[in-house]
$ cat input.cif   # mmCIF, C-alpha atoms and all ligand atoms
data_model
loop_
_atom_site.label_atom_id
_atom_site.label_comp_id
_atom_site.auth_asym_id
_atom_site.auth_seq_id
_atom_site.Cartn_x
_atom_site.Cartn_y
_atom_site.Cartn_z
CA MET A 1 187.74 124.08 118.09
CA ASP A 2 188.12 121.49 120.80
CA GLU A 3 185.50 118.93 121.73
CA ARG A 4 184.09 120.97 124.63
CA GLU A 5 183.73 124.11 122.49
CA ILE A 6 181.99 122.19 119.74
CA ILE A 7 179.51 120.57 122.10
CA ASP A 8 178.85 123.83 123.97
CA LYS A 9 178.29 125.69 120.71
CA LEU A 10 175.93 123.03 119.39
CA ARG A 11 174.08 122.81 122.74
CA GLN A 12 173.58 126.57 122.71
CA MET A 13 172.34 126.52 119.10
CA ARG A 14 169.96 123.66 119.83
CA ASP A 15 168.60 125.46 122.90
CA GLU A 16 167.84 128.54 120.82
CA ASP A 17 165.37 126.50 118.75
CA GLN A 18 162.21 125.08 120.28
CA SER A 19 162.09 121.62 121.82
CA TYR A 20 159.15 119.22 121.76
CA THR A 21 159.07 119.24 125.54
CA ASP A 22 158.51 123.05 125.55
CA GLY A 23 155.25 121.97 124.07
CA LYS A 24 154.50 124.91 121.81
CA ILE A 25 155.10 122.84 118.67
CA LEU A 26 151.66 122.18 117.21
CA SER A 27 152.68 121.75 113.57
CA SER A 28 155.11 118.86 113.67
CA VAL A 29 154.36 115.29 112.65
CA SER A 30 157.42 114.13 114.59
CA THR A 31 158.10 114.10 118.30
CA LYS A 32 160.85 113.54 120.85
CA PRO A 33 162.38 110.10 120.27
CA LEU A 34 162.68 107.63 123.13
CA ASP A 35 165.98 107.46 125.06
CA VAL A 36 166.35 103.80 124.13
CA ALA A 37 166.13 104.75 120.44
CA ILE A 38 168.82 107.41 120.78
CA GLU A 39 171.07 104.86 122.50
CA ALA A 40 170.36 102.33 119.75
CA TYR A 41 171.23 104.95 117.14
CA LYS A 42 174.56 105.65 118.84
CA ILE A 43 175.50 101.95 118.94
CA PHE A 44 174.89 101.55 115.19
CA SER A 45 175.87 105.07 114.10
CA ASP A 46 178.96 103.85 112.22
CA THR A 47 177.10 101.22 110.20
CA ASN A 48 175.85 101.33 106.63
CA ALA A 49 172.77 99.32 105.74
CA LEU A 50 173.99 99.08 102.15
CA ASP A 51 177.05 97.11 103.24
CA ILE A 52 175.27 93.93 104.22
CA HIS A 53 178.48 91.96 103.63
CA VAL A 54 179.98 93.86 106.60
CA PHE A 55 176.95 94.69 108.78
CA LYS A 56 174.89 91.51 108.71
CA ASN A 57 173.06 92.45 111.88
CA VAL A 58 171.73 95.67 110.36
CA GLU A 59 170.16 93.55 107.64
CA ARG A 60 168.73 91.28 110.36
CA LEU A 61 167.27 94.21 112.34
CA GLU A 62 165.66 95.60 109.18
CA LYS A 63 164.20 92.19 108.35
CA GLU A 64 162.66 92.04 111.83
CA ILE A 65 161.17 95.53 111.42
CA ILE A 66 159.56 94.48 108.14
CA GLU A 67 158.20 91.32 109.81
CA TRP A 68 156.71 93.50 112.54
CA PHE A 69 155.00 95.60 109.85
CA GLY A 70 153.76 92.34 108.35
CA LYS A 71 151.91 91.64 111.61
CA LEU A 72 150.58 95.18 111.73
CA LEU A 73 149.32 94.91 108.16
CA LYS A 74 148.06 91.32 108.48
CA ASN A 75 150.29 89.89 105.78
CA LYS A 76 153.24 87.65 106.56
CA LYS A 77 154.64 88.14 103.06
CA THR A 78 155.05 91.93 103.47
CA ALA A 79 158.35 93.07 101.95
CA GLY A 80 160.04 96.44 101.96
CA TYR A 81 162.75 98.56 103.49
CA ILE A 82 163.53 101.52 105.71
CA THR A 83 163.72 104.75 103.71
CA THR A 84 164.68 108.29 104.64
CA GLY A 85 160.99 109.10 105.04
CA GLY A 86 157.62 109.25 103.35
CA THR A 87 158.91 111.13 100.33
CA GLU A 88 161.37 108.41 99.34
CA ALA A 89 158.81 105.70 100.12
CA ASN A 90 156.22 107.32 97.82
CA ILE A 91 158.76 107.69 95.03
CA VAL A 92 159.77 104.03 95.33
CA ALA A 93 156.13 102.88 95.25
CA LEU A 94 155.44 104.70 91.99
CA TRP A 95 158.76 103.57 90.55
CA VAL A 96 157.70 99.95 91.04
CA ALA A 97 154.26 100.77 89.60
CA LYS A 98 155.87 102.12 86.46
CA LYS A 99 157.99 98.98 86.10
CA LEU A 100 154.92 96.75 86.46
CA TYR A 101 152.78 98.63 83.90
CA PRO A 102 155.36 100.01 81.43
CA GLY A 103 152.92 101.17 78.74
CA ARG A 104 150.86 103.43 81.01
CA ARG A 105 151.48 106.97 82.29
CA LYS A 106 148.43 108.30 84.11
CA ILE A 107 148.20 108.39 87.89
CA LEU A 108 145.03 109.41 89.69
CA VAL A 109 145.74 111.41 92.82
CA PRO A 110 143.47 113.24 95.25
CA GLN A 111 144.06 116.99 95.44
CA SER A 112 144.96 116.53 99.09
CA ALA A 113 147.93 114.22 98.39
CA HIS A 114 151.34 115.07 99.78
CA TYR A 115 153.61 116.98 97.38
CA SER A 116 156.03 114.05 97.24
CA ILE A 117 153.61 112.33 94.83
CA GLN A 118 154.03 115.23 92.44
CA ARG A 119 157.80 114.95 92.89
CA ALA A 120 157.62 111.24 92.06
CA ALA A 121 155.54 111.90 88.93
CA ASP A 122 158.04 114.49 87.81
CA LEU A 123 161.02 112.18 88.28
CA LEU A 124 159.31 109.19 86.67
CA ASP A 125 157.69 111.15 83.85
CA LEU A 126 154.17 110.18 84.88
CA ARG A 127 151.07 112.27 84.20
CA ILE A 128 149.13 113.26 87.31
CA GLU A 129 145.40 113.83 87.14
CA TYR A 130 144.23 115.44 90.34
CA LEU A 131 140.88 114.35 91.71
CA PRO A 132 138.46 116.70 93.46
CA LEU A 133 137.55 116.21 97.11
CA ASP A 134 134.10 115.83 98.60
CA ARG A 135 132.83 118.06 101.41
CA ASN A 136 134.67 115.94 103.96
CA PHE A 137 137.94 116.53 102.12
CA LYS A 138 138.09 112.88 100.98
CA VAL A 139 138.64 111.94 97.36
CA ASP A 140 135.45 112.08 95.28
CA ILE A 141 135.01 108.37 94.64
CA SER A 142 132.64 108.65 91.65
CA GLU A 143 135.06 111.03 89.94
CA LEU A 144 137.82 108.48 90.52
CA GLU A 145 135.70 105.73 88.99
CA ASN A 146 134.95 107.87 85.92
CA ARG A 147 138.58 108.72 85.29
CA ILE A 148 140.01 105.20 85.36
CA ASP A 149 140.90 104.12 81.83
CA LYS A 150 143.40 101.90 80.03
CA ASP A 151 146.21 104.44 80.44
CA THR A 152 145.78 104.44 84.23
CA LEU A 153 148.92 103.18 85.87
CA ALA A 154 148.24 103.88 89.52
CA VAL A 155 145.81 105.28 92.04
CA VAL A 156 147.10 106.96 95.17
CA ALA A 157 145.11 107.37 98.37
CA THR A 158 146.16 109.07 101.58
CA ALA A 159 145.54 107.66 105.02
CA GLY A 160 146.00 110.81 107.04
CA THR A 161 146.38 113.86 104.80
CA SER A 162 149.10 116.32 105.72
CA ALA A 163 146.68 119.20 106.22
CA LEU A 164 143.68 117.68 107.99
CA GLY A 165 144.52 114.06 108.78
CA VAL A 166 141.67 112.90 106.55
CA VAL A 167 141.60 109.25 105.50
CA ASP A 168 140.49 108.59 101.91
CA PRO A 169 137.91 105.78 101.51
CA ILE A 170 140.51 103.04 101.17
CA GLY A 171 138.00 100.16 101.08
CA GLU A 172 135.96 101.71 98.26
CA ILE A 173 139.06 102.67 96.27
CA ASN A 174 140.38 99.14 96.73
CA LYS A 175 137.35 97.78 94.85
CA LEU A 176 138.16 99.99 91.84
CA CYS A 177 141.82 99.06 91.55
CA ARG A 178 141.81 95.70 89.84
CA ASN A 179 144.77 95.57 87.41
CA ILE A 180 145.87 99.04 88.45
CA PHE A 181 148.62 99.73 90.96
CA PHE A 182 147.12 100.96 94.24
CA HIS A 183 149.41 102.85 96.62
CA VAL A 184 148.33 104.11 100.03
CA ASP A 185 150.33 106.94 101.54
CA ALA A 186 149.90 106.25 105.25
CA ALA A 187 153.06 108.13 106.22
CA PHE A 188 151.14 109.61 109.13
CA GLY A 189 148.14 107.31 109.63
CA GLY A 190 150.04 104.05 109.40
CA PHE A 191 150.93 104.13 113.08
CA VAL A 192 147.46 105.37 114.09
CA ILE A 193 144.73 103.57 112.12
CA PRO A 194 145.69 99.99 113.11
CA PHE A 195 145.42 101.02 116.77
CA LEU A 196 141.97 102.63 116.61
CA ASN A 197 138.96 100.56 117.50
CA ASN A 198 136.73 101.76 114.69
CA LYS A 199 135.81 100.95 111.13
CA LEU A 200 138.88 102.53 109.49
CA ARG A 201 140.93 99.82 107.82
CA LEU A 202 144.45 99.78 106.55
CA ASP A 203 146.09 96.46 105.82
CA PHE A 204 146.89 94.02 103.04
CA THR A 205 143.66 92.07 103.51
CA LEU A 206 142.30 94.75 101.15
CA GLU A 207 143.31 92.65 98.20
CA ASN A 208 144.18 95.32 95.64
CA ILE A 209 146.56 97.38 97.77
CA ASP A 210 150.04 96.96 96.29
CA SER A 211 152.08 99.21 98.54
CA ILE A 212 151.84 101.28 101.71
CA THR A 213 154.06 104.08 102.99
CA ILE A 214 154.33 104.22 106.79
CA ASP A 215 156.76 106.49 108.60
CA PRO A 216 158.28 105.34 111.87
CA HIS A 217 159.60 108.90 112.31
CA LYS A 218 156.07 110.27 112.54
CA MET A 219 153.56 108.53 114.83
CA GLY A 220 156.00 105.61 115.10
CA LEU A 221 158.01 107.91 117.42
CA ALA A 222 161.36 106.82 115.96
CA PRO A 223 164.09 109.40 115.34
CA ILE A 224 164.39 111.01 111.90
CA PRO A 225 165.21 109.65 109.35
CA SER A 226 162.96 106.61 109.26
CA GLY A 227 160.26 105.89 106.72
CA ALA A 228 159.07 102.55 105.38
CA ILE A 229 157.93 101.36 101.99
CA LEU A 230 155.95 98.16 102.32
CA PHE A 231 154.86 95.95 99.44
CA ARG A 232 152.46 93.03 99.36
CA ASP A 233 155.33 90.61 98.72
CA GLU A 234 158.94 90.25 97.63
CA SER A 235 158.16 90.19 93.89
CA TYR A 236 157.70 93.99 93.89
CA LEU A 237 161.23 94.53 95.21
CA ASN A 238 162.58 92.22 92.54
CA GLU A 239 161.50 94.86 90.00
CA LEU A 240 164.13 97.19 91.47
CA LYS A 241 167.01 94.77 91.87
CA THR A 242 170.35 95.76 90.42
CA SER A 243 173.85 94.22 90.61
CA PRO A 244 176.46 96.99 90.94
CA ASP A 245 179.85 95.94 89.58
CA TYR A 246 181.66 96.74 92.79
CA LEU A 247 179.26 95.01 95.20
CA PRO A 248 179.09 91.29 95.90
CA PHE A 249 175.27 91.32 96.13
CA GLN A 250 172.13 92.73 94.54
CA THR A 251 170.42 95.80 95.96
CA PHE A 252 166.94 97.24 95.46
CA THR A 253 166.96 100.48 97.46
CA LEU A 254 166.71 103.93 95.87
CA SER A 255 169.39 105.41 98.11
CA GLY A 256 172.82 103.80 98.23
CA SER A 257 174.30 104.22 101.68
CA ARG A 258 171.67 104.07 104.41
CA SER A 259 171.96 104.71 108.10
CA GLY A 260 172.20 101.53 110.18
CA GLY A 261 171.63 103.84 113.15
CA SER A 262 168.13 104.68 111.89
CA ILE A 263 167.33 101.01 111.49
CA ALA A 264 168.57 100.15 114.99
CA ALA A 265 166.65 103.09 116.48
CA THR A 266 163.46 102.07 114.70
CA TRP A 267 163.91 98.46 115.84
CA ALA A 268 164.45 99.68 119.42
CA THR A 269 161.34 101.88 119.32
CA ILE A 270 158.92 99.25 118.00
CA ASN A 271 160.26 96.60 120.36
CA TYR A 272 160.19 98.90 123.38
CA LEU A 273 156.63 100.07 122.76
CA GLY A 274 155.17 96.96 121.16
CA MET A 275 151.63 96.93 119.76
CA ASP A 276 150.17 97.62 123.23
CA GLY A 277 152.44 100.61 123.76
CA TYR A 278 151.37 102.14 120.45
CA ARG A 279 147.72 101.46 121.22
CA LYS A 280 148.00 103.40 124.49
CA ILE A 281 149.81 106.32 122.82
CA VAL A 282 147.23 106.51 120.04
CA GLU A 283 144.37 106.36 122.57
CA LYS A 284 145.88 109.26 124.51
CA CYS A 285 146.47 111.35 121.37
CA MET A 286 142.87 110.74 120.24
CA GLU A 287 141.57 111.61 123.72
CA ASN A 288 143.55 114.87 123.61
CA THR A 289 142.27 115.59 120.09
CA GLU A 290 138.70 115.23 121.31
CA PHE A 291 139.47 117.41 124.31
CA LEU A 292 140.90 120.09 121.99
CA CYS A 293 137.79 119.93 119.77
CA ASN A 294 135.51 120.42 122.78
CA GLU A 295 137.56 123.31 124.13
CA LEU A 296 137.55 124.99 120.69
CA LYS A 297 133.80 124.63 120.44
CA LYS A 298 133.46 126.43 123.79
CA ILE A 299 135.22 129.48 122.31
CA LYS A 300 133.25 129.08 119.05
CA VAL A 301 136.18 128.30 116.75
CA ASP A 302 135.22 126.34 113.63
CA ILE A 303 136.81 122.97 113.01
CA VAL A 304 137.10 122.16 109.29
CA VAL A 305 136.07 118.49 109.61
CA GLU A 306 135.61 116.32 112.67
CA PRO A 307 139.06 114.72 113.05
CA GLU A 308 139.44 111.03 112.30
CA LEU A 309 143.08 111.00 113.40
CA ASN A 310 145.04 113.27 115.72
CA VAL A 311 145.29 116.09 113.17
CA MET A 312 142.80 118.87 112.59
CA GLY A 313 142.28 122.16 110.82
CA ILE A 314 140.65 125.14 112.53
CA ARG A 315 139.23 128.29 111.02
CA PRO A 316 139.07 131.16 113.48
CA GLN A 317 137.65 134.41 112.12
CA ASN A 318 140.34 136.78 110.89
CA MET A 319 142.50 133.72 110.46
CA GLU A 320 145.66 135.33 109.12
CA ASN A 321 145.84 137.90 111.91
CA VAL A 322 145.07 135.26 114.52
CA TRP A 323 147.80 133.09 113.07
CA LYS A 324 150.37 135.89 113.23
CA ALA A 325 149.40 136.74 116.81
CA LEU A 326 149.69 133.11 117.89
CA ARG A 327 153.09 132.85 116.29
CA ASP A 328 154.17 136.02 118.11
CA MET A 329 153.17 134.29 121.34
CA GLY A 330 155.53 131.43 120.48
CA TRP A 331 152.99 128.94 119.14
CA ASP A 332 154.35 126.97 116.23
CA ILE A 333 151.32 126.47 114.04
CA LEU A 334 151.06 126.32 110.25
CA MET A 335 148.47 127.58 107.80
CA ASP A 336 147.32 125.28 105.00
CA THR A 337 146.40 127.25 101.90
CA GLN A 338 144.32 124.50 100.24
CA SER A 339 141.91 123.85 103.11
CA LYS A 340 142.30 127.46 104.30
CA SER A 341 142.84 126.47 107.88
CA LEU A 342 145.34 126.42 110.70
CA ARG A 343 146.61 122.92 111.21
CA ILE A 344 147.17 121.30 114.58
CA VAL A 345 148.83 117.92 115.02
CA VAL A 346 148.10 116.44 118.43
CA MET A 347 151.34 114.50 118.82
CA PRO A 348 152.26 112.83 122.14
CA HIS A 349 154.07 116.01 123.24
CA VAL A 350 150.82 118.01 122.88
CA THR A 351 149.43 117.31 126.35
CA GLU A 352 146.14 118.34 127.95
CA LYS A 353 148.01 121.13 129.81
CA ILE A 354 149.40 122.49 126.54
CA ILE A 355 145.98 122.32 124.94
CA ARG A 356 144.48 124.37 127.79
CA GLU A 357 147.22 126.99 127.40
CA PHE A 358 146.79 127.11 123.65
CA VAL A 359 143.02 127.51 123.80
CA ARG A 360 143.40 130.20 126.46
CA ASP A 361 145.86 132.14 124.22
CA LEU A 362 143.68 131.59 121.14
CA GLY A 363 140.64 132.88 123.04
CA GLU A 364 142.58 135.99 124.09
CA VAL A 365 143.84 136.64 120.58
CA ILE A 366 140.35 136.34 119.12
C1 LIG B 1 150.85 112.14 104.04
C2 LIG B 1 152.30 112.39 103.94
N1 LIG B 1 153.02 111.71 103.05
C3 LIG B 1 154.34 111.88 102.91
C4 LIG B 1 155.01 112.79 103.70
C5 LIG B 1 156.49 113.00 103.49
O1 LIG B 1 157.22 112.51 104.56
P1 LIG B 1 158.73 112.91 104.79
O2 LIG B 1 158.73 114.36 105.17
O3 LIG B 1 159.15 112.00 105.87
O4 LIG B 1 159.46 112.67 103.54
C6 LIG B 1 154.31 113.54 104.65
C7 LIG B 1 154.99 114.49 105.49
O5 LIG B 1 154.45 115.13 106.35
C8 LIG B 1 152.91 113.32 104.78
O6 LIG B 1 152.18 114.02 105.65
#
$ encode --input "input.cif" --output "structure tokens"
Amino acid sequence: MDEREIIDKLRQMRDEDQSYTDGKILSSVSTKPLDVAIEAYKIFSDTNALDIHVFKNVERLEKEIIEWFGKLLKNKKTAGYITTGGTEANIVALWVAKKLYPGRRKILVPQSAHYSIQRAADLLDLRIEYLPLDRNFKVDISELENRIDKDTLAVVATAGTSALGVVDPIGEINKLCRNIFFHVDAAFGGFVIPFLNNKLRLDFTLENIDSITIDPHKMGLAPIPSGAILFRDESYLNELKTSPDYLPFQTFTLSGSRSGGSIAATWATINYLGMDGYRKIVEKCMENTEFLCNELKKIKVDIVVEPELNVMGIRPQNMENVWKALRDMGWDILMDTQSKSLRIVVMPHVTEKIIREFVRDLGEVI
């Protein structure tokens, strides 16, 4: 195949799938990346973040991203790296936890946690105890308190659950985690909570938080793949350091080769938007979420819990049939079997116009 044929073929294949700008994608936690990020990716697409002896500037860009997260999380000492996403970041967090508390095996995890935590436990031979949720789908804090014992290695909380965008009571959990590793999976909420003007808190001033997962490729708007694992300080990364025989330096990442393109694109996105840019995007997404809630109430569709972030679950009557009909109309929407609801993520591409169209179609289907 020549170059033209290849590009035409790929263009045609891409056009057959949905695009974010079509706007019928209600299930995705990612969105269309910025042009400047795509350009940045191209410039660094041939670089490998593992090879810091060759690509010193990739290392520098990554360092600046981590410093930016340090400001976001109110801790200058924040240390970490850019992963392939939330899954890798969660695995790395629990890997460090295991290194820090070698004699212990139990991890306490809310039932609503992302499945990557279960993957991590499996890989690291840890024993998960799932914690029940209260009626707001947050972890039952008294149950958590009761279950902490001397075998407890780590507690995991989620700041923005995959199904409903619920934020576990991070402040209260923080108080219970003295001498236990405390990891917060804020893969989704990490780029939302710091920009909300309310009482939700997510930063290292909560003194027992050891690590936080935040994904630039979700509400950070960076292209996939880009996740981040962030630790309170450098000492956590030291737990993972290894000196491969063939490399002239130590490395601490789980993956070997890593895309310098992803790092450049993430750097471009955070510098282009800045804190103010993110604040405006989050405000708009929250405004649209509230608009969607109000429109749904008008057609008497139940909302599982009042959304705290720009994610929500809805429970129309005859849910499975409604779901199928909506999908037939081209709406990309997913059903969550645990909360028994249809999940909507109000990403920046889900505009007020799209919401009106969706509610109109939902009303018709019902
Ligand atoms: C709360 C949470 N954690 C972790 C992940 C995993 O992220 P990734 O798909 O980037 O590995 C997700 C994905 O949606 C998530 O919602």
$ residues_near_ligand --input "input.cif" --ligand "ligand LIG 1 (chain B)" --cutoff "8 Å" --atoms "all atoms listed in the file" --output "count of residues only"
30
$ residues_around --input "input.cif" --residues "Ile141 in chain A" --least-positions-apart "2" --cutoff "8 Å" --atoms "all atoms listed in the file" --output "short mmCIF file (atom, residue, chain, number, x, y, z; two decimals) with C-alpha atoms, keeping the file's coordinate frame"
data_model
loop_
_atom_site.label_atom_id
_atom_site.label_comp_id
_atom_site.auth_asym_id
_atom_site.auth_seq_id
_atom_site.Cartn_x
_atom_site.Cartn_y
_atom_site.Cartn_z
CA VAL A 139 138.64 111.94 97.36
CA GLU A 143 135.06 111.03 89.94
CA LEU A 144 137.82 108.48 90.52
CA GLU A 145 135.70 105.73 88.99
CA PRO A 169 137.91 105.78 101.51
CA GLU A 172 135.96 101.71 98.26
CA ILE A 173 139.06 102.67 96.27
#
$ closest_residue --input "input.cif" --among "A:Ile38, A:Leu164, A:Ile25, A:Ile82" --to "Ser257 in chain A" --atoms "all atoms listed in the file"
A:Ile82
$ closest_residue --input "input.cif" --among "A:Asp168, A:Glu283, A:Asp134, A:Asp233" --to "Leu196 in chain A" --atoms "all atoms listed in the file"
A:Glu283
$ closest_residue --input "input.cif" --among "A:Pro316, A:Gly363, A:Gly103, A:Pro223" --to "Ser259 in chain A" --atoms "all atoms listed in the file"
A:Pro223
$ closest_residue --input "input.cif" --among "A:Lys300, A:Ile66, A:Val166, A:Leu50" --to "Ser112 in chain A" --atoms "only C-alpha atoms"
A:Val166
$ atom_distance --input "input.cif" --atom1 "CA of Leu126 in chain A" --atom2 "CA of Leu153 in chain A"
8.8 Å
$ closest_residue --input "input.cif" --among "A:Ala264, A:Leu342, A:Ala154, A:Met275" --to "Val304 in chain A" --atoms "all atoms listed in the file"
A:Leu342
$ atom_distance --input "input.cif" --atom1 "CA of Ser45 in chain A" --atom2 "CA of Ala265 in chain A"
9.7 Å
$ atom_distance --input "input.cif" --atom1 "CA of Ala37 in chain A" --atom2 "CA of Ser262 in chain A"
8.8 Å
$ closest_residue --input "input.cif" --among "A:Val156, A:Ala268, A:Lys24, A:Ile209" --to "Gln118 in chain A" --atoms "all atoms listed in the file"
A:Val156
$ residues_around --input "input.cif" --residues "range 32-35 of chain A" --least-positions-apart "5" --cutoff "8 Å" --atoms "all atoms listed in the file" --output "PyMOL selection string"
chain A and resi 20-21+221-223+269+349
$ residues_around --input "input.cif" --residues "Lys63 in chain A" --least-positions-apart "3" --cutoff "10 Å" --atoms "only C-alpha atoms" --output "ChimeraX atom specification"
/A:57-60,66-69,79-82,263,267
$ residues_around --input "input.cif" --residues "Arg279 in chain A" --least-positions-apart "5" --cutoff "9 Å" --atoms "all atoms listed in the file" --output "ChimeraX atom specification"
/A:192,194-196,274,284
